[in-house]
$ cat protein.cif   # mmCIF, C-alpha atoms and all ligand atoms
data_start
loop_
_atom_site.label_atom_id
_atom_site.label_comp_id
_atom_site.auth_asym_id
_atom_site.auth_seq_id
_atom_site.Cartn_x
_atom_site.Cartn_y
_atom_site.Cartn_z
CA MET A 11 0.00 0.00 0.00
CA LYS A 12 1.29 3.46 -0.80
CA LYS A 13 2.13 6.05 1.82
CA ILE A 14 -0.68 8.29 3.16
CA CYS A 15 0.20 11.99 3.65
CA THR A 16 -2.10 14.39 5.52
CA ARG A 17 -1.75 17.83 7.03
CA ALA A 18 -3.43 20.29 9.37
CA TYR A 19 -2.65 24.00 9.59
CA GLY A 20 -2.23 26.22 12.63
CA LYS A 21 -4.73 28.78 13.89
CA ILE A 22 -4.86 32.32 15.16
CA ILE A 23 -7.38 33.66 17.62
CA LEU A 24 -8.14 37.21 16.53
CA MET A 25 -10.25 37.83 19.60
CA GLY A 26 -12.04 36.04 22.42
CA GLU A 27 -9.40 33.68 23.85
CA HIS A 28 -10.13 32.81 27.48
CA SER A 29 -13.56 34.48 27.47
CA VAL A 30 -14.61 31.72 25.01
CA VAL A 31 -14.07 29.20 27.86
CA TYR A 32 -16.92 31.09 29.66
CA ASP A 33 -19.33 30.73 26.72
CA LYS A 34 -18.49 34.08 25.11
CA PRO A 35 -17.86 34.33 21.35
CA ALA A 36 -14.43 34.20 19.72
CA ILE A 37 -13.06 34.96 16.27
CA ALA A 38 -10.50 32.54 14.83
CA LEU A 39 -8.57 32.31 11.57
CA PRO A 40 -6.62 29.48 9.97
CA PHE A 41 -2.86 30.12 9.89
CA LYS A 42 -1.54 28.36 6.83
CA ALA A 43 2.10 29.42 7.16
CA VAL A 44 2.61 26.60 9.67
CA ALA A 45 1.38 23.02 9.68
CA ILE A 46 1.54 19.50 11.11
CA ASN A 47 2.33 16.81 8.53
CA VAL A 48 1.51 13.16 9.03
CA GLU A 49 2.74 10.21 6.95
CA ILE A 50 1.40 6.71 7.48
CA LYS A 51 2.41 3.41 5.95
CA ASN A 52 1.95 -0.28 6.69
CA LYS A 53 4.04 -1.89 9.38
CA GLN A 54 4.43 -5.63 9.94
CA GLU A 55 4.47 -6.41 13.68
CA LYS A 56 3.32 -3.47 15.80
CA ASN A 57 2.25 0.15 15.64
CA ILE A 58 5.11 2.64 15.77
CA ILE A 59 5.02 6.40 15.74
CA SER A 60 7.66 9.10 15.37
CA ILE A 61 7.12 12.61 16.64
CA ASP A 62 9.60 15.23 15.44
CA ASN A 63 12.01 12.40 14.53
CA ASN A 64 11.84 10.63 17.93
CA LEU A 65 10.67 7.07 17.36
CA TYR A 66 8.36 5.31 19.83
CA ASP A 67 6.54 2.03 20.15
CA PHE A 68 2.89 3.23 20.11
CA ASN A 69 2.17 1.41 23.37
CA ASN A 70 5.08 3.13 25.10
CA LEU A 71 4.48 6.74 24.16
CA PRO A 72 5.77 9.23 26.77
CA SER A 73 3.12 10.70 29.08
CA GLU A 74 3.00 14.05 27.23
CA PHE A 75 1.30 12.14 24.38
CA THR A 76 -1.36 10.49 26.55
CA GLY A 77 -4.13 12.45 24.79
CA ILE A 78 -3.04 11.41 21.29
CA LYS A 79 -2.65 7.80 22.42
CA LYS A 80 -6.13 7.72 23.92
CA MET A 81 -7.59 9.35 20.78
CA ILE A 82 -5.90 6.82 18.45
CA ASN A 83 -6.98 3.87 20.63
CA LEU A 84 -10.56 5.15 20.58
CA PHE A 85 -10.44 5.52 16.79
CA LEU A 86 -9.06 1.97 16.37
CA ALA A 87 -11.62 0.47 18.74
CA GLU A 88 -14.66 2.32 17.34
CA TYR A 89 -14.00 2.51 13.63
CA THR A 90 -11.64 -0.24 12.45
CA GLN A 91 -12.07 -3.98 12.19
CA ASN A 92 -8.91 -4.96 10.38
CA GLN A 93 -5.83 -5.31 12.48
CA LYS A 94 -3.24 -3.91 10.08
CA ASN A 95 -0.46 -2.04 11.88
CA PHE A 96 0.82 1.43 11.09
CA GLU A 97 4.06 3.30 11.01
CA MET A 98 3.22 6.97 11.55
CA HIS A 99 5.56 9.95 11.26
CA ILE A 100 4.44 13.32 12.65
CA THR A 101 6.48 16.41 11.81
CA SER A 102 5.68 20.01 12.58
CA THR A 103 6.42 23.58 11.57
CA ILE A 104 4.00 24.88 14.23
CA PRO A 105 6.07 26.03 17.20
CA LYS A 106 4.83 24.25 20.34
CA GLN A 107 2.98 26.03 23.14
CA ARG A 108 2.89 29.40 21.39
CA GLY A 109 -0.89 29.74 20.96
CA LEU A 110 -0.85 28.66 17.31
CA GLY A 111 -2.86 25.48 17.80
CA SER A 112 -0.12 22.86 17.57
CA SER A 113 -1.82 20.30 19.83
CA ALA A 114 -5.22 20.42 18.08
CA ALA A 115 -3.47 20.39 14.68
CA VAL A 116 -1.56 17.19 15.61
CA SER A 117 -4.85 15.51 16.52
CA VAL A 118 -6.64 16.69 13.37
CA ALA A 119 -3.77 15.65 11.07
CA VAL A 120 -3.51 12.23 12.78
CA ILE A 121 -7.25 11.50 12.48
CA ARG A 122 -7.21 12.66 8.84
CA GLY A 123 -4.34 10.24 8.22
CA LEU A 124 -5.96 7.31 10.05
CA CYS A 125 -9.26 7.85 8.18
CA GLN A 126 -7.42 7.51 4.87
CA PHE A 127 -5.23 4.64 6.04
CA TYR A 128 -8.18 2.55 7.31
CA LYS A 129 -10.65 3.92 4.71
CA VAL A 130 -13.03 5.26 7.35
CA ASN A 131 -15.55 8.06 6.73
CA LEU A 132 -16.32 10.04 9.85
CA SER A 133 -19.01 12.68 10.25
CA GLN A 134 -17.77 16.12 11.35
CA LYS A 135 -19.26 15.40 14.76
CA GLU A 136 -17.48 12.06 15.17
CA PHE A 137 -14.23 13.62 13.98
CA ALA A 138 -14.50 16.59 16.36
CA SER A 139 -15.42 14.33 19.25
CA LEU A 140 -12.24 12.23 18.77
CA VAL A 141 -10.06 15.37 18.66
CA HIS A 142 -11.88 16.68 21.73
CA THR A 143 -10.82 13.51 23.61
CA ALA A 144 -7.16 14.39 23.10
CA GLU A 145 -7.64 18.11 23.70
CA SER A 146 -9.47 17.48 26.99
CA ILE A 147 -6.43 15.58 28.25
CA HIS A 148 -3.90 18.15 27.01
CA HIS A 149 -5.95 21.17 28.13
CA ASN A 150 -8.34 21.68 30.93
CA ASN A 151 -11.92 22.16 29.69
CA PRO A 152 -11.15 23.23 26.08
CA SER A 153 -13.79 25.41 24.44
CA GLY A 154 -13.38 23.57 21.12
CA ILE A 155 -12.40 26.67 19.15
CA ASP A 156 -8.96 25.32 18.16
CA THR A 157 -10.40 22.03 16.92
CA SER A 158 -13.17 23.80 14.97
CA VAL A 159 -11.02 26.31 13.10
CA ILE A 160 -8.30 23.75 12.37
CA MET A 161 -10.84 21.26 11.03
CA LYS A 162 -12.75 23.81 8.96
CA GLU A 163 -9.78 25.88 7.70
CA GLU A 164 -11.88 29.04 7.41
CA ALA A 165 -12.48 32.25 9.36
CA LEU A 166 -14.99 31.51 12.13
CA LEU A 167 -17.17 33.36 14.54
CA PHE A 168 -17.30 30.65 17.23
CA GLU A 169 -20.12 30.82 19.76
CA SER A 170 -20.09 27.23 20.97
CA ARG A 171 -19.09 23.76 19.76
CA ASN A 172 -22.55 23.57 18.16
CA LYS A 173 -22.84 27.14 16.93
CA MET A 174 -20.28 28.73 14.65
CA SER A 175 -20.36 30.56 11.35
CA HIS A 176 -17.94 31.39 8.57
CA PHE A 177 -17.42 35.03 7.60
CA SER A 178 -15.56 36.79 4.81
CA THR A 179 -12.10 38.20 5.52
CA ALA A 180 -11.93 40.16 2.25
CA LEU A 181 -10.30 43.10 4.01
CA GLU A 182 -7.40 45.09 2.63
CA ALA A 183 -5.16 44.45 5.63
CA TYR A 184 -2.28 42.26 6.77
CA LEU A 185 -1.76 40.36 9.97
CA VAL A 186 1.77 40.19 11.39
CA VAL A 187 2.46 37.31 13.78
CA ALA A 188 5.49 37.41 16.08
CA ASP A 189 6.78 34.61 18.32
CA THR A 190 8.29 35.64 21.68
CA GLY A 191 9.98 32.21 21.82
CA ILE A 192 8.53 31.75 25.31
CA MET A 193 6.46 28.63 25.84
CA GLY A 194 3.03 29.22 27.31
CA ASN A 195 0.89 26.54 28.90
CA THR A 196 -2.82 26.46 28.07
CA SER A 197 -3.91 24.46 31.15
CA GLN A 198 -1.93 26.74 33.44
CA ALA A 199 -3.34 29.89 31.79
CA VAL A 200 -6.93 28.60 31.87
CA ASN A 201 -6.50 27.57 35.53
CA LEU A 202 -5.03 30.96 36.41
CA VAL A 203 -8.07 32.75 34.99
CA LYS A 204 -10.35 30.33 36.83
CA SER A 205 -8.64 30.95 40.18
CA ASN A 206 -8.57 34.73 39.62
CA ILE A 207 -12.34 34.67 39.05
CA LYS A 208 -12.85 32.51 42.15
CA ARG A 209 -10.78 34.90 44.23
CA ASN A 210 -12.23 38.15 42.91
CA ASN A 211 -15.56 38.62 41.17
CA ASN A 212 -14.29 41.67 39.24
CA TYR A 213 -12.54 39.29 36.86
CA ILE A 214 -15.92 38.17 35.52
CA LYS A 215 -16.48 41.75 34.34
CA ILE A 216 -13.31 41.43 32.20
CA ILE A 217 -14.69 38.22 30.65
CA ASP A 218 -17.99 40.02 29.90
CA ASP A 219 -16.11 42.97 28.38
CA LEU A 220 -14.06 40.63 26.18
CA GLY A 221 -17.24 38.92 24.99
CA ALA A 222 -18.93 42.23 24.10
CA LEU A 223 -15.76 43.50 22.42
CA THR A 224 -15.59 40.33 20.30
CA TYR A 225 -19.13 40.85 18.97
CA ARG A 226 -18.36 44.51 18.21
CA THR A 227 -15.15 43.49 16.43
CA TYR A 228 -17.05 40.93 14.36
CA GLU A 229 -19.47 43.68 13.22
CA ARG A 230 -16.50 45.89 12.30
CA LEU A 231 -14.91 43.04 10.35
CA ILE A 232 -18.10 42.60 8.36
CA ARG A 233 -18.12 46.35 7.64
CA LYS A 234 -14.42 46.14 6.68
CA ASP A 235 -13.58 48.85 9.20
CA ILE A 236 -9.95 47.90 9.80
CA GLU A 237 -9.14 50.91 12.01
CA ALA A 238 -11.84 49.86 14.48
CA VAL A 239 -10.74 46.20 14.35
CA GLY A 240 -7.17 47.33 15.15
CA ASN A 241 -8.30 49.52 18.07
CA ASN A 242 -10.38 46.68 19.47
CA MET A 243 -7.39 44.31 19.28
CA THR A 244 -5.37 46.70 21.44
CA THR A 245 -8.25 46.96 23.92
CA ALA A 246 -8.46 43.15 24.02
CA HIS A 247 -4.75 42.97 24.85
CA ARG A 248 -5.25 45.34 27.78
CA LEU A 249 -8.16 43.24 29.06
CA LEU A 250 -6.18 39.99 28.70
CA SER A 251 -3.29 41.60 30.62
CA GLU A 252 -5.72 42.54 33.40
CA LEU A 253 -6.91 38.95 33.38
CA GLY A 254 -3.30 37.94 34.15
CA VAL A 255 -2.41 35.96 31.02
CA SER A 256 -0.04 38.29 29.20
CA HIS A 257 3.75 38.29 29.59
CA LYS A 258 6.23 41.15 29.56
CA ALA A 259 7.72 39.90 26.28
CA LEU A 260 4.21 40.03 24.72
CA ASP A 261 3.57 43.52 26.14
CA HIS A 262 6.87 44.66 24.68
CA LEU A 263 6.04 43.33 21.19
CA VAL A 264 2.56 44.91 21.37
CA GLU A 265 4.16 48.25 22.30
CA THR A 266 6.70 47.90 19.47
CA ALA A 267 3.92 47.18 16.97
CA LEU A 268 1.83 50.16 18.11
CA ASN A 269 4.89 52.44 17.76
CA ASN A 270 5.48 51.16 14.23
CA GLN A 271 2.34 51.72 12.16
CA ALA A 272 0.19 48.90 13.55
CA LEU A 273 -3.54 49.67 13.66
CA GLY A 274 -3.72 47.45 16.73
CA ALA A 275 -1.95 44.57 18.42
CA LYS A 276 -2.57 41.87 21.02
CA MET A 277 -1.40 38.53 22.36
CA THR A 278 -3.05 35.53 20.72
CA GLY A 279 -4.00 32.16 22.23
CA SER A 280 -3.70 31.22 25.86
CA GLY A 281 -0.74 33.54 26.60
CA LEU A 282 1.85 33.49 29.43
CA GLY A 283 4.25 33.54 26.47
CA GLY A 284 3.61 32.54 22.87
CA CYS A 285 2.72 34.88 20.05
CA MET A 286 1.55 38.42 19.37
CA ILE A 287 -0.52 39.54 16.39
CA ALA A 288 -0.67 43.03 14.86
CA LEU A 289 -2.90 44.45 12.13
CA VAL A 290 -1.34 46.68 9.46
CA LYS A 291 -2.63 48.31 6.27
CA SER A 292 -0.10 47.25 3.63
CA GLN A 293 2.52 44.69 2.75
CA GLU A 294 5.23 47.37 3.14
CA ASP A 295 4.02 48.11 6.68
CA ALA A 296 3.98 44.38 7.42
CA GLU A 297 7.56 43.86 6.20
CA ALA A 298 8.85 46.91 8.10
CA LEU A 299 7.07 45.80 11.27
CA LYS A 300 8.46 42.25 11.03
CA THR A 301 12.00 43.66 10.95
CA LYS A 302 11.27 45.93 13.95
CA LEU A 303 9.73 43.08 15.96
CA GLU A 304 12.74 40.85 15.26
CA SER A 305 15.07 43.59 16.51
CA HIS A 306 12.88 43.80 19.64
CA GLY A 307 13.15 40.14 20.62
CA ALA A 308 10.75 38.19 18.36
CA ILE A 309 12.46 34.91 17.41
CA LYS A 310 10.27 34.49 14.32
CA THR A 311 7.72 36.56 12.42
CA TRP A 312 5.19 35.87 9.68
CA SER A 313 2.70 38.01 7.80
CA TYR A 314 -0.31 37.31 5.68
CA ARG A 315 -2.90 39.16 3.70
CA LEU A 316 -6.35 38.60 5.17
CA LYS A 317 -7.82 38.39 1.66
CA GLU A 318 -5.73 35.28 1.02
CA LEU A 319 -7.88 33.33 3.47
CA GLU A 320 -10.69 33.59 0.94
CA SER A 321 -8.89 31.53 -1.70
C1 LIG B 1 -6.59 28.38 23.37
O1 LIG B 1 -6.21 28.44 21.99
C2 LIG B 1 -7.71 29.31 23.64
C3 LIG B 1 -8.24 29.35 25.07
O2 LIG B 1 -9.39 30.19 25.05
C4 LIG B 1 -8.59 27.97 25.59
C5 LIG B 1 -9.81 27.38 24.88
O3 LIG B 1 -10.59 28.08 24.26
O4 LIG B 1 -9.97 26.15 25.01
C6 LIG B 1 -7.23 29.97 26.04
#
$ encode --input "protein.cif" --output "structure tokens" --more "lines below"
Ligand code: MEV
Amino acid sequence: MKKICTRAYGKIILMGEHSVVYDKPAIALPFKAVAINVEIKNKQEKNIISIDNNLYDFNNLPSEFTGIKKMINLFLAEYTQNQKNFEMHITSTIPKQRGLGSSAAVSVAVIRGLCQFYKVNLSQKEFASLVHTAESIHHNNPSGIDTSVIMKEEALLFESRNKMSHFSTALEAYLVVADTGIMGNTSQAVNLVKSNIKRNNNYIKIIDDLGALTYRTYERLIRKDIEAVGNNMTTAHRLLSELGVSHKALDHLVETALNNQALGAKMTGSGLGGCMIALVKSQEDAEALKTKLESHGAIKTWSYRLKELES
């Protein structure tokens, strides 16, 4: 049998991270500059799996891959009868723990690969539920936004796992993404917000404000009002900092972006490290900002035209 090759792209949360865990809306975009690639072929005796070139016996995967292991075992038990074994290679260009969706993308790419390898057709619901199994182990109480945008590969207004809609990103604007190089931790960040809320009720007001801001930003996106979208991104960053999930390296990159032609800037994803995003008007502004951000500590930068998401 020939080799199966599948892929899943990263994601960017434009607005609504953390508040989405409290049933508020969020806006997410696919991020196609980075991806997880999976190759699968037949193996004689037992299932083996390599992750970033480290080879493991599937039954002896290190504990950090418990979620993936459980998800694959569930898939094999529920959807396959034949006992053929696999050799799976997972490689990634999505930096880990930077808020770009690497864990959900691994799960999506793996299930895509297994579906082809075992010739299984899953409904969207069955697919999402398998990925959710892994995500629930990796992250505490995931909202499902990462899984949804990575599966659908389109701009989404996400209101819940059962309610989300695609919208057009045909805006004349560019998004610059900058990696602080600092690893965040989604469970830790989600738990921090939870304990802050438990300790002090004022934190719930921040969640409410983020939810309202996300709806207003969505309306502005639809009206193609990029100035307002930019301003709202900066407001969201301030609210996320108040929530306790920013990091001084993120604040510094946001400041740098705002001093260098950005219409707005914010952290993206769960925070405590990870990436910053900034909105700019033109490709020239995006290139100039990338250079500035790199001279201010970003270890890697990317940019993309929002219109490109339409193709
Ligand atoms: C993680 O990409 C986004 C968070 O809101 C967690 C979640 O929605 O599951 C921090």
$ closest_atom_pairs --input "protein.cif" --of "chain A" --to "ligand LIG 1 (chain B)" --cutoff "7 Å" --atoms "only C-alpha atoms and all ligand atoms" --output "JSON lines"
{"residue": "A:Ile23", "atom": "CA", "partner": "B:LIG1", "partner_atom": "O1", "distance": 6.9}
{"residue": "A:Gly26", "atom": "CA", "partner": "B:LIG1", "partner_atom": "O2", "distance": 6.9}
{"residue": "A:Glu27", "atom": "CA", "partner": "B:LIG1", "partner_atom": "O2", "distance": 3.7}
{"residue": "A:His28", "atom": "CA", "partner": "B:LIG1", "partner_atom": "O2", "distance": 3.6}
{"residue": "A:Ser29", "atom": "CA", "partner": "B:LIG1", "partner_atom": "O2", "distance": 6.5}
{"residue": "A:Val30", "atom": "CA", "partner": "B:LIG1", "partner_atom": "O2", "distance": 5.4}
{"residue": "A:Val31", "atom": "CA", "partner": "B:LIG1", "partner_atom": "O3", "distance": 5.1}
{"residue": "A:Gly109", "atom": "CA", "partner": "B:LIG1", "partner_atom": "O1", "distance": 5.6}
{"residue": "A:Gly111", "atom": "CA", "partner": "B:LIG1", "partner_atom": "O1", "distance": 6.1}
{"residue": "A:Asn151", "atom": "CA", "partner": "B:LIG1", "partner_atom": "O4", "distance": 6.5}
{"residue": "A:Pro152", "atom": "CA", "partner": "B:LIG1", "partner_atom": "O4", "distance": 3.3}
{"residue": "A:Ser153", "atom": "CA", "partner": "B:LIG1", "partner_atom": "O4", "distance": 3.9}
{"residue": "A:Gly154", "atom": "CA", "partner": "B:LIG1", "partner_atom": "O4", "distance": 5.8}
{"residue": "A:Ile155", "atom": "CA", "partner": "B:LIG1", "partner_atom": "O3", "distance": 5.6}
{"residue": "A:Asp156", "atom": "CA", "partner": "B:LIG1", "partner_atom": "O1", "distance": 5.7}
{"residue": "A:Thr196", "atom": "CA", "partner": "B:LIG1", "partner_atom": "C6", "distance": 6.0}
{"residue": "A:Ala199", "atom": "CA", "partner": "B:LIG1", "partner_atom": "C6", "distance": 6.9}
{"residue": "A:Val200", "atom": "CA", "partner": "B:LIG1", "partner_atom": "C6", "distance": 6.0}
{"residue": "A:Gly279", "atom": "CA", "partner": "B:LIG1", "partner_atom": "O1", "distance": 4.3}
{"residue": "A:Ser280", "atom": "CA", "partner": "B:LIG1", "partner_atom": "C6", "distance": 3.7}
$ atom_distance --input "protein.cif" --atom1 "CA of Ala115 (chain A)" --atom2 "CA of Leu84 (chain A)"
17.8 Å
$ residues_around --input "protein.cif" --residues "Thr16 (chain A)" --least-positions-apart "3" --cutoff "8 Å" --atoms "only C-alpha atoms" --output "ChimeraX atom specification"
/A:47-49,119-120,122-123
$ closest_residue --input "protein.cif" --among "A:Ile22, A:Ala288, A:Met277, A:Val130" --to "Gly194 (chain A)" --atoms "all atoms listed in the file"
A:Met277
$ closest_residue --input "protein.cif" --among "A:Leu319, A:Ile287, A:Leu231, A:Ala144" --to "Asn83 (chain A)" --atoms "all atoms listed in the file"
A:Ala144
$ residues_around --input "protein.cif" --residues "Asn95 (chain A)" --least-positions-apart "3" --cutoff "9 Å" --atoms "only C-alpha atoms" --output "ChimeraX atom specification"
/A:51-58
$ closest_residue --input "protein.cif" --among "A:Ala87, A:Val264, A:Lys129, A:Ile37" --to "Leu166 (chain A)" --atoms "all atoms listed in the file"
A:Ile37
$ residues_around --input "protein.cif" --residues "Thr311 (chain A)" --least-positions-apart "6" --cutoff "6 Å" --atoms "only C-alpha atoms" --output "ChimeraX atom specification"
/A:187-188,300
